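**Q** This is coords-v3.pdb, which holds PDB, C-alpha atoms and all ligand atoms:
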```pdb
ATOM      1  CA  MET S  15     -19.376 173.323 239.335
ATOM      2  CA  LYS S  16     -19.818 177.080 239.327
ATOM      3  CA  ILE S  17     -22.174 178.887 236.932
ATOM      4  CA  GLY S  18     -22.053 182.649 236.357
ATOM      5  CA  ILE S  19     -25.082 184.893 236.019
ATOM      6  CA  LEU S  20     -24.486 188.124 234.131
ATOM      7  CA  ALA S  21     -25.534 190.731 236.684
ATOM      8  CA  LEU S  22     -25.324 194.020 234.809
ATOM      9  CA  GLN S  23     -29.083 194.540 234.639
ATOM     10  CA  GLY S  24     -32.385 192.638 234.693
ATOM     11  CA  ASP S  25     -33.781 189.702 236.679
ATOM     12  CA  TYR S  26     -30.505 187.913 237.409
ATOM     13  CA  GLU S  27     -31.275 187.098 241.079
ATOM     14  CA  LYS S  28     -34.063 184.639 240.197
ATOM     15  CA  HIS S  29     -31.634 182.296 238.447
ATOM     16  CA  THR S  30     -29.668 181.623 241.625
ATOM     17  CA  GLY S  31     -32.671 179.733 243.054
ATOM     18  CA  ILE S  32     -32.808 177.398 240.040
ATOM     19  CA  LEU S  33     -29.063 176.752 240.172
ATOM     20  CA  ASP S  34     -29.292 176.060 243.944
ATOM     21  CA  GLU S  35     -32.037 173.558 243.287
ATOM     22  CA  LEU S  36     -29.794 171.754 240.775
ATOM     23  CA  GLY S  37     -26.916 171.712 243.265
ATOM     24  CA  LEU S  38     -24.837 174.133 241.185
ATOM     25  CA  ASP S  39     -22.871 176.989 242.724
ATOM     26  CA  SER S  40     -23.408 180.421 241.264
ATOM     27  CA  ILE S  41     -21.664 183.769 241.105
ATOM     28  CA  LEU S  42     -22.927 187.099 239.858
ATOM     29  CA  VAL S  43     -20.717 188.242 236.979
ATOM     30  CA  ARG S  44     -20.096 191.975 236.730
ATOM     31  CA  TYR S  45     -16.631 192.031 235.116
ATOM     32  CA  PRO S  46     -15.168 190.075 232.169
ATOM     33  CA  PHE S  47     -12.362 188.558 234.282
ATOM     34  CA  GLU S  48     -15.008 186.735 236.347
ATOM     35  CA  LEU S  49     -15.729 184.504 233.331
ATOM     36  CA  ILE S  50     -12.419 182.720 233.927
ATOM     37  CA  ASP S  51     -13.739 181.030 237.009
ATOM     38  CA  ILE S  52     -17.003 179.557 235.752
ATOM     39  CA  GLU S  53     -18.216 176.551 233.729
ATOM     40  CA  GLY S  54     -21.290 178.159 232.173
ATOM     41  CA  LEU S  55     -23.039 181.520 231.923
ATOM     42  CA  ILE S  56     -26.623 182.787 232.094
ATOM     43  CA  ILE S  57     -27.611 185.986 230.298
ATOM     44  CA  PRO S  58     -30.866 186.946 232.033
ATOM     45  CA  GLY S  59     -33.901 188.895 230.895
ATOM     46  CA  GLY S  60     -33.903 192.663 231.119
ATOM     47  CA  GLU S  61     -33.549 195.225 228.366
ATOM     48  CA  SER S  62     -31.343 194.337 225.416
ATOM     49  CA  THR S  63     -30.553 197.984 224.538
ATOM     50  CA  THR S  64     -29.323 198.578 228.109
ATOM     51  CA  LEU S  65     -27.437 195.279 228.142
ATOM     52  CA  THR S  66     -25.723 196.277 224.880
ATOM     53  CA  HIS S  67     -24.696 199.602 226.359
ATOM     54  CA  LEU S  68     -23.321 198.048 229.565
ATOM     55  CA  MET S  69     -21.609 195.128 227.811
ATOM     56  CA  LYS S  70     -19.840 197.597 225.492
ATOM     57  CA  ARG S  71     -18.827 199.795 228.394
ATOM     58  CA  MET S  72     -17.504 196.862 230.407
ATOM     59  CA  ASN S  73     -15.709 195.251 227.423
ATOM     60  CA  PHE S  74     -17.691 192.029 227.573
ATOM     61  CA  TYR S  75     -18.012 191.258 223.850
ATOM     62  CA  LYS S  76     -14.734 189.510 223.058
ATOM     63  CA  ALA S  77     -14.528 187.854 226.471
ATOM     64  CA  MET S  78     -18.018 186.407 226.037
ATOM     65  CA  THR S  79     -17.575 185.139 222.480
ATOM     66  CA  ASP S  80     -14.275 183.503 223.518
ATOM     67  CA  PHE S  81     -16.049 181.971 226.534
ATOM     68  CA  ALA S  82     -18.866 180.679 224.283
ATOM     69  CA  ASN S  83     -16.374 178.745 222.129
ATOM     70  CA  GLU S  84     -15.616 176.547 225.125
ATOM     71  CA  LYS S  85     -18.535 176.689 227.535
ATOM     72  CA  PRO S  86     -22.351 176.838 227.462
ATOM     73  CA  ILE S  87     -24.448 179.983 227.628
ATOM     74  CA  LEU S  88     -28.163 180.057 228.478
ATOM     75  CA  GLY S  89     -30.029 183.221 227.482
ATOM     76  CA  THR S  90     -33.573 184.092 228.528
ATOM     77  CA  CYS S  91     -35.634 186.796 226.809
ATOM     78  CA  ALA S  92     -33.280 189.826 226.528
ATOM     79  CA  GLY S  93     -30.509 187.207 226.972
ATOM     80  CA  LEU S  94     -31.814 185.360 223.896
ATOM     81  CA  ILE S  95     -31.793 188.656 221.977
ATOM     82  CA  MET S  96     -28.135 189.185 222.959
ATOM     83  CA  MET S  97     -27.232 185.667 221.740
ATOM     84  CA  ALA S  98     -28.829 186.111 218.277
ATOM     85  CA  LYS S  99     -27.024 186.737 215.030
ATOM     86  CA  VAL S 100     -29.410 189.439 213.779
ATOM     87  CA  VAL S 101     -31.689 191.740 215.802
ATOM     88  CA  ASN S 102     -34.106 194.295 214.301
ATOM     89  CA  HIS S 103     -32.978 197.202 216.436
ATOM     90  CA  HIS S 104     -30.087 199.570 215.789
ATOM     91  CA  LEU S 105     -29.251 199.991 219.494
ATOM     92  CA  VAL S 106     -28.763 196.263 220.055
ATOM     93  CA  LYS S 107     -25.433 194.683 219.235
ATOM     94  CA  PRO S 108     -25.897 190.915 219.559
ATOM     95  CA  LEU S 109     -23.138 188.377 220.208
ATOM     96  CA  GLY S 110     -24.004 186.113 217.248
ATOM     97  CA  LEU S 111     -23.870 182.846 219.224
ATOM     98  CA  LEU S 112     -27.136 181.439 217.845
ATOM     99  CA  ASP S 113     -27.870 181.416 214.120
ATOM    100  CA  ILE S 114     -31.247 183.110 214.508
ATOM    101  CA  GLU S 115     -32.946 186.397 213.663
ATOM    102  CA  VAL S 116     -34.969 188.064 216.386
ATOM    103  CA  ASP S 117     -37.730 190.649 216.466
ATOM    104  CA  ARG S 118     -37.606 192.517 219.789
ATOM    105  CA  ASN S 119     -41.014 192.905 221.477
ATOM    106  CA  GLY S 120     -42.351 190.737 218.645
ATOM    107  CA  TYR S 121     -45.573 189.820 220.428
ATOM    108  CA  GLY S 122     -46.835 193.405 220.241
ATOM    109  CA  ARG S 123     -47.639 196.049 222.782
ATOM    110  CA  GLN S 124     -51.103 194.750 223.606
ATOM    111  CA  ILE S 125     -49.831 191.428 224.990
ATOM    112  CA  HIS S 126     -46.954 192.427 227.234
ATOM    113  CA  SER S 127     -47.025 189.347 229.455
ATOM    114  CA  PHE S 128     -48.699 185.967 229.502
ATOM    115  CA  THR S 129     -48.134 182.457 230.805
ATOM    116  CA  GLU S 130     -48.788 179.279 228.844
ATOM    117  CA  ASN S 131     -48.174 175.580 229.297
ATOM    118  CA  LEU S 132     -45.974 174.345 226.469
ATOM    119  CA  PRO S 133     -44.423 171.008 225.623
ATOM    120  CA  VAL S 134     -40.642 171.213 225.232
ATOM    121  CA  GLN S 135     -38.399 168.639 223.666
ATOM    122  CA  LEU S 136     -34.834 168.127 224.902
ATOM    123  CA  ASN S 137     -32.705 165.072 224.011
ATOM    124  CA  ASN S 138     -35.806 163.025 223.141
ATOM    125  CA  HIS S 139     -37.264 163.996 226.500
ATOM    126  CA  ILE S 140     -40.657 165.674 226.253
ATOM    127  CA  GLU S 141     -42.121 167.635 229.133
ATOM    128  CA  LYS S 142     -44.974 170.114 229.491
ATOM    129  CA  ILE S 143     -43.924 173.197 231.439
ATOM    130  CA  PRO S 144     -45.371 176.604 232.327
ATOM    131  CA  VAL S 145     -43.606 179.467 230.553
ATOM    132  CA  THR S 146     -43.970 183.193 231.110
ATOM    133  CA  PHE S 147     -43.473 185.684 228.280
ATOM    134  CA  ILE S 148     -42.749 189.318 229.215
ATOM    135  CA  ARG S 149     -42.437 191.698 226.257
ATOM    136  CA  ALA S 150     -40.919 188.697 224.598
ATOM    137  CA  PRO S 151     -38.873 188.573 221.405
ATOM    138  CA  LYS S 152     -39.983 186.538 218.387
ATOM    139  CA  ILE S 153     -37.521 184.278 216.625
ATOM    140  CA  THR S 154     -38.249 185.037 212.984
ATOM    141  CA  LYS S 155     -35.578 182.911 211.277
ATOM    142  CA  THR S 156     -33.383 179.955 212.243
ATOM    143  CA  GLY S 157     -30.283 178.627 210.489
ATOM    144  CA  GLU S 158     -29.518 174.987 209.764
ATOM    145  CA  GLY S 159     -27.671 174.056 212.944
ATOM    146  CA  VAL S 160     -30.440 175.329 215.193
ATOM    147  CA  GLU S 161     -32.584 172.804 217.068
ATOM    148  CA  ILE S 162     -36.134 173.878 217.931
ATOM    149  CA  LEU S 163     -37.079 173.010 221.523
ATOM    150  CA  ALA S 164     -40.504 174.624 221.806
ATOM    151  CA  GLU S 165     -43.095 176.592 219.868
ATOM    152  CA  TYR S 166     -45.892 178.896 220.967
ATOM    153  CA  HIS S 167     -48.786 178.824 218.461
ATOM    154  CA  GLY S 168     -46.399 178.008 215.629
ATOM    155  CA  GLU S 169     -43.784 180.590 216.689
ATOM    156  CA  ILE S 170     -40.397 179.202 217.696
ATOM    157  CA  CYS S 171     -39.706 180.254 221.282
ATOM    158  CA  ALA S 172     -36.867 177.985 222.500
ATOM    159  CA  VAL S 173     -33.757 176.922 220.583
ATOM    160  CA  LYS S 174     -30.493 175.110 221.057
ATOM    161  CA  GLN S 175     -27.341 175.318 218.974
ATOM    162  CA  GLY S 176     -24.353 173.277 220.038
ATOM    163  CA  LYS S 177     -24.039 173.809 223.769
ATOM    164  CA  HIS S 178     -26.019 177.060 223.855
ATOM    165  CA  ILE S 179     -29.715 177.501 224.660
ATOM    166  CA  GLY S 180     -31.880 180.561 223.993
ATOM    167  CA  LEU S 181     -35.412 181.075 225.327
ATOM    168  CA  ALA S 182     -37.931 183.821 224.497
ATOM    169  CA  PHE S 183     -39.556 183.303 227.914
ATOM    170  CA  HIS S 184     -38.519 183.231 231.598
ATOM    171  CA  PRO S 185     -38.229 179.705 233.092
ATOM    172  CA  GLU S 186     -36.724 181.174 236.277
ATOM    173  CA  LEU S 187     -40.067 182.843 237.123
ATOM    174  CA  ASP S 188     -41.935 179.531 237.103
ATOM    175  CA  GLY S 189     -39.291 177.426 238.850
ATOM    176  CA  VAL S 190     -38.617 175.542 235.595
ATOM    177  CA  SER S 191     -35.127 174.035 235.760
ATOM    178  CA  ILE S 192     -35.018 171.755 232.703
ATOM    179  CA  PHE S 193     -33.148 174.256 230.491
ATOM    180  CA  HIS S 194     -30.534 175.077 233.130
ATOM    181  CA  LYS S 195     -30.096 171.350 233.660
ATOM    182  CA  SER S 196     -29.738 170.648 229.944
ATOM    183  CA  ALA S 197     -27.244 173.500 229.410
ATOM    184  CA  PHE S 198     -25.049 172.918 232.459
ATOM    185  CA  ILE S 199     -25.460 169.201 233.264
ATOM    186  CA  PRO S 200     -25.893 168.033 229.654
ATOM    187  CA  ASN S 201     -26.079 164.269 230.180
ATOM    188  CA  SER S 202     -28.629 164.452 232.956
ATOM    189  CA  ILE S 203     -31.712 164.542 230.741
ATOM    190  CA  SER S 204     -32.687 161.245 229.207
ATOM    191  CA  SER S 205     -35.353 160.174 226.780
ATOM    192  CA  ASN S 206     -38.876 159.588 228.070
ATOM    193  CA  LYS S 207     -40.244 158.882 224.598
ATOM    194  CA  GLU S 208     -41.759 155.444 224.343
ATOM    195  CA  LYS S 209     -39.273 153.048 222.863
ATOM    196  CA  PRO S 210     -40.603 150.569 220.291
ATOM    197  CA  HIS S 211     -40.893 147.089 221.829
ATOM    198  CA  ALA S 212     -38.465 144.492 220.568
ATOM    199  CA  ALA S 213     -40.205 141.865 218.448
TER     200      ALA S 213
HETATM  201  N1  LIG R 301     -38.269 193.519 225.492
HETATM  202  C1  LIG R 301     -37.008 193.346 226.139
HETATM  203  C2  LIG R 301     -35.849 193.690 225.215
HETATM  204  O1  LIG R 301     -36.055 194.087 224.148
HETATM  205  C3  LIG R 301     -36.858 191.952 226.670
HETATM  206  C4  LIG R 301     -37.839 191.717 227.796
HETATM  207  C5  LIG R 301     -37.407 190.714 228.806
HETATM  208  O2  LIG R 301     -36.219 190.343 228.942
HETATM  209  N2  LIG R 301     -38.359 190.267 229.576
HETATM  210  O3  LIG R 301     -34.729 193.573 225.562
END
```
Hey, can you dump this file as structure tokens for me?

**A**
Amino acid sequence: MKIGILALQGDYEKHTGILDELGLDSILVRYPFELIDIEGLIIPGGESTTLTHLMKRMNFYKAMTDFANEKPILGTCAGLIMMAKVVNHHLVKPLGLLDIEVDRNGYGRQIHSFTENLPVQLNNHIEKIPVTFIRAPKITKTGEGVEILAEYHGEICAVKQGKHIGLAFHPELDGVSIFHKSAFIPNSISSNKEKPHAA
């Protein structure tokens, strides 16, 4: 199975290592026609204003929303911003794939980057993972169909809607593969919650 990594701008290279580890092939996507060949797409971190500009210039919008109707997209940081429905910045045109509102650089100028250990919940599987935030967006509102996967001090920082996953942080920088696995090999994550014993 081949997964595409949008390679217009940002830290796209790091995701290839995670996909390798999961035994998934990857290609760097620079043109809309390259979406035809892949089973899932990663929109990496970077700068959402620049991504908007390049995605407009390269005619990615319709191709990506059509792709998202059929296949999963995983967005990290600026990628999450691009997947939102509403973004608080006039130079960002999001794709509207996740029913969320996002505040760019929502954690303020004073805390540009930090790493925390957070529990995430995926398909009844709970795991504590390190996550790195770099000028991260805040998810300020979520619609009904949006599943919350993780929170940082009460702020939602990881969501899933249908087959798509959006993360305010960068799992690829900490070698965290659980989100890639969940998005692209969906039945591979099983519950580790204690099951009640039969009487
Ligand atoms: N602050 C960036 C933006 O607004 C996102 C930062 C990142 O992807 N690490 O797009």

**Q** My list of candidates is S:His184, S:Arg118, S:Arg44, S:His167. Which is closest to Pro151 (chain S) when distances are computed with only C-alpha atoms?

**A** S:Arg118

**Q** Give me the residues of chain S that have any atom at most 8 Å from an atom of ligand LIG 301 (chain R); for each, the nearest atom pair and the distance in Å, rounded to one decimal. Use only C-alpha atoms and all ligand atoms, sort by chain and number, and format it as a tab-separated table.

**A**
```
residue	atom	partner	partner_atom	distance
S:Gly24	CA	R:LIG301	O2	7.3
S:Pro58	CA	R:LIG301	O2	7.1
S:Gly59	CA	R:LIG301	O2	3.4
S:Gly60	CA	R:LIG301	O2	3.9
S:Glu61	CA	R:LIG301	O3	3.5
S:Ser62	CA	R:LIG301	O3	3.5
S:Thr63	CA	R:LIG301	O3	6.2
S:Thr64	CA	R:LIG301	O3	7.8
S:Leu65	CA	R:LIG301	O3	7.9
S:Thr90	CA	R:LIG301	O2	6.8
S:Cys91	CA	R:LIG301	O2	4.2
S:Ala92	CA	R:LIG301	O2	3.8
S:Gly93	CA	R:LIG301	O2	6.8
S:Ile95	CA	R:LIG301	O3	6.8
S:Arg118	CA	R:LIG301	O1	4.9
S:Asn119	CA	R:LIG301	N1	4.9
S:Phe147	CA	R:LIG301	N2	7.0
S:Ile148	CA	R:LIG301	N2	4.5
S:Arg149	CA	R:LIG301	N1	4.6
S:Ala150	CA	R:LIG301	C4	5.4
S:Pro151	CA	R:LIG301	N1	6.4
S:Phe183	CA	R:LIG301	N2	7.3
S:His184	CA	R:LIG301	N2	7.3
```

**Q** Could you write out as a compact mmCIF listing (two decimals) with C-alpha atoms, in the frame of the given file the residues that the PyMOL selection byres (((chain S and resi 40) around 7) and not hetatm) matches in the shown file?

**A**
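Done, and the output landed in part_11.txt:
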```txt
# COMPACT_ATOMS: atom_id res chain seq x y z
CA LYS S 16 -19.82 177.08 239.33
CA ILE S 17 -22.17 178.89 236.93
CA GLY S 18 -22.05 182.65 236.36
CA THR S 30 -29.67 181.62 241.62
CA LEU S 33 -29.06 176.75 240.17
CA LEU S 38 -24.84 174.13 241.18
CA ASP S 39 -22.87 176.99 242.72
CA ILE S 41 -21.66 183.77 241.10
CA LEU S 42 -22.93 187.10 239.86
```

**Q** Report, in Å to a single decimal, how far apart CA of Lys99 (chain S) and CA of Thr156 (chain S) are.

**A**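 Computing it gives 9.7 Å between the two atoms.
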
**Q** Written as a tab-separated table (two decimals) with C-alpha atoms, in the frame of the given file, what is the full residue list that the PyMOL selection byres (((chain S and resi 144) around 10) and not hetatm) yields on the file shown?

**A**
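Just written: result19.tsv:
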```tsv
chain	number	residue	atom	x	y	z
S	129	THR	CA	-48.13	182.46	230.80
S	130	GLU	CA	-48.79	179.28	228.84
S	131	ASN	CA	-48.17	175.58	229.30
S	132	LEU	CA	-45.97	174.34	226.47
S	133	PRO	CA	-44.42	171.01	225.62
S	142	LYS	CA	-44.97	170.11	229.49
S	143	ILE	CA	-43.92	173.20	231.44
S	145	VAL	CA	-43.61	179.47	230.55
S	146	THR	CA	-43.97	183.19	231.11
S	183	PHE	CA	-39.56	183.30	227.91
S	184	HIS	CA	-38.52	183.23	231.60
S	185	PRO	CA	-38.23	179.70	233.09
S	187	LEU	CA	-40.07	182.84	237.12
S	188	ASP	CA	-41.94	179.53	237.10
S	189	GLY	CA	-39.29	177.43	238.85
S	190	VAL	CA	-38.62	175.54	235.60
```

**Q** Determine, counting all atoms listed in the file, which protein, DNA and RNA residues have an atom within 7 Å of an atom of region 107-114 of chain S; residues of the same chain fewer than 2 positions away are not included. Present the result as a compact mmCIF listing (two decimals) with C-alpha atoms, in the coordinates of the input.

**A**
```
# COMPACT_ATOMS: atom_id res chain seq x y z
CA THR S 66 -25.72 196.28 224.88
CA TYR S 75 -18.01 191.26 223.85
CA THR S 79 -17.58 185.14 222.48
CA ILE S 95 -31.79 188.66 221.98
CA MET S 96 -28.14 189.18 222.96
CA MET S 97 -27.23 185.67 221.74
CA ALA S 98 -28.83 186.11 218.28
CA LYS S 99 -27.02 186.74 215.03
CA VAL S 100 -29.41 189.44 213.78
CA VAL S 101 -31.69 191.74 215.80
CA LEU S 105 -29.25 199.99 219.49
CA VAL S 116 -34.97 188.06 216.39
CA ILE S 153 -37.52 184.28 216.62
CA LYS S 155 -35.58 182.91 211.28
CA THR S 156 -33.38 179.96 212.24
CA GLY S 157 -30.28 178.63 210.49
CA VAL S 160 -30.44 175.33 215.19
CA GLN S 175 -27.34 175.32 218.97
```

**Q** Could you check the closest approach to Leu22 (chain S) for each of S:Gly37, S:Gly176, S:Pro46, S:Gly54 and tell me which residue wins, using all atoms listed in the file?

**A**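 That would be S:Pro46, the residue with the smallest distance to Leu22 (chain S).
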
**Q** Using CA of Ile57 (chain S) and CA of Cys171 (chain S) as the two end points, give the distance in Å to one decimal.

**A** 16.1 Å

**Q** Just checking: using all atoms listed in the file, which residue out of S:Ile192, S:Val106, S:Ala172, S:Ile162 ends up closest to His67 (chain S)?

**A**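 Selected residue with least distance to His67 (chain S): S:Val106.
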
**Q** My list of candidates is S:His103, S:Lys85, S:His194, S:His29. Which is closest to Asp51 (chain S) when distances are computed with all atoms listed in the file?

**A** S:Lys85

**Q** Would you compute the distance between CA of Glu84 (chain S) and CA of Ile170 (chain S)? Give it in Å to one decimal.

**A**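 For CA of Glu84 (chain S) relative to CA of Ile170 (chain S), the distance reads 26.0 Å.
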
**Q** Nearest to Ala182 (chain S): which of S:Gly31, S:Gly89, S:Gly159, S:Pro200 is it, counting only C-alpha atoms?

**A** S:Gly89

**Q** Identify which of the residues S:Glu141, S:Leu88, S:Lys152, S:Tyr45 lies closest to Gly168 (chain S), counting all atoms listed in the file when measuring atom-to-atom distances.

**A**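 Counting all atoms listed in the file, the residue closest to Gly168 (chain S) is S:Lys152.
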
**Q** Put a box with edges along x, y and z around all the listed atoms of region 150-155 of chain S, pad it by 8 Å on each side, then give me its centre and sizes in Å, one decimal, as JSON.

**A**
```
{"center_x": -38.2, "center_y": 185.8, "center_z": 217.9, "size_x": 21.3, "size_y": 21.8, "size_z": 29.3}
```

**Q** On this file, the PyMOL selection byres (((chain S and resi 47) around 12) and not hetatm) gives some set of residues; write that set as a count of residues only.

**A** 17
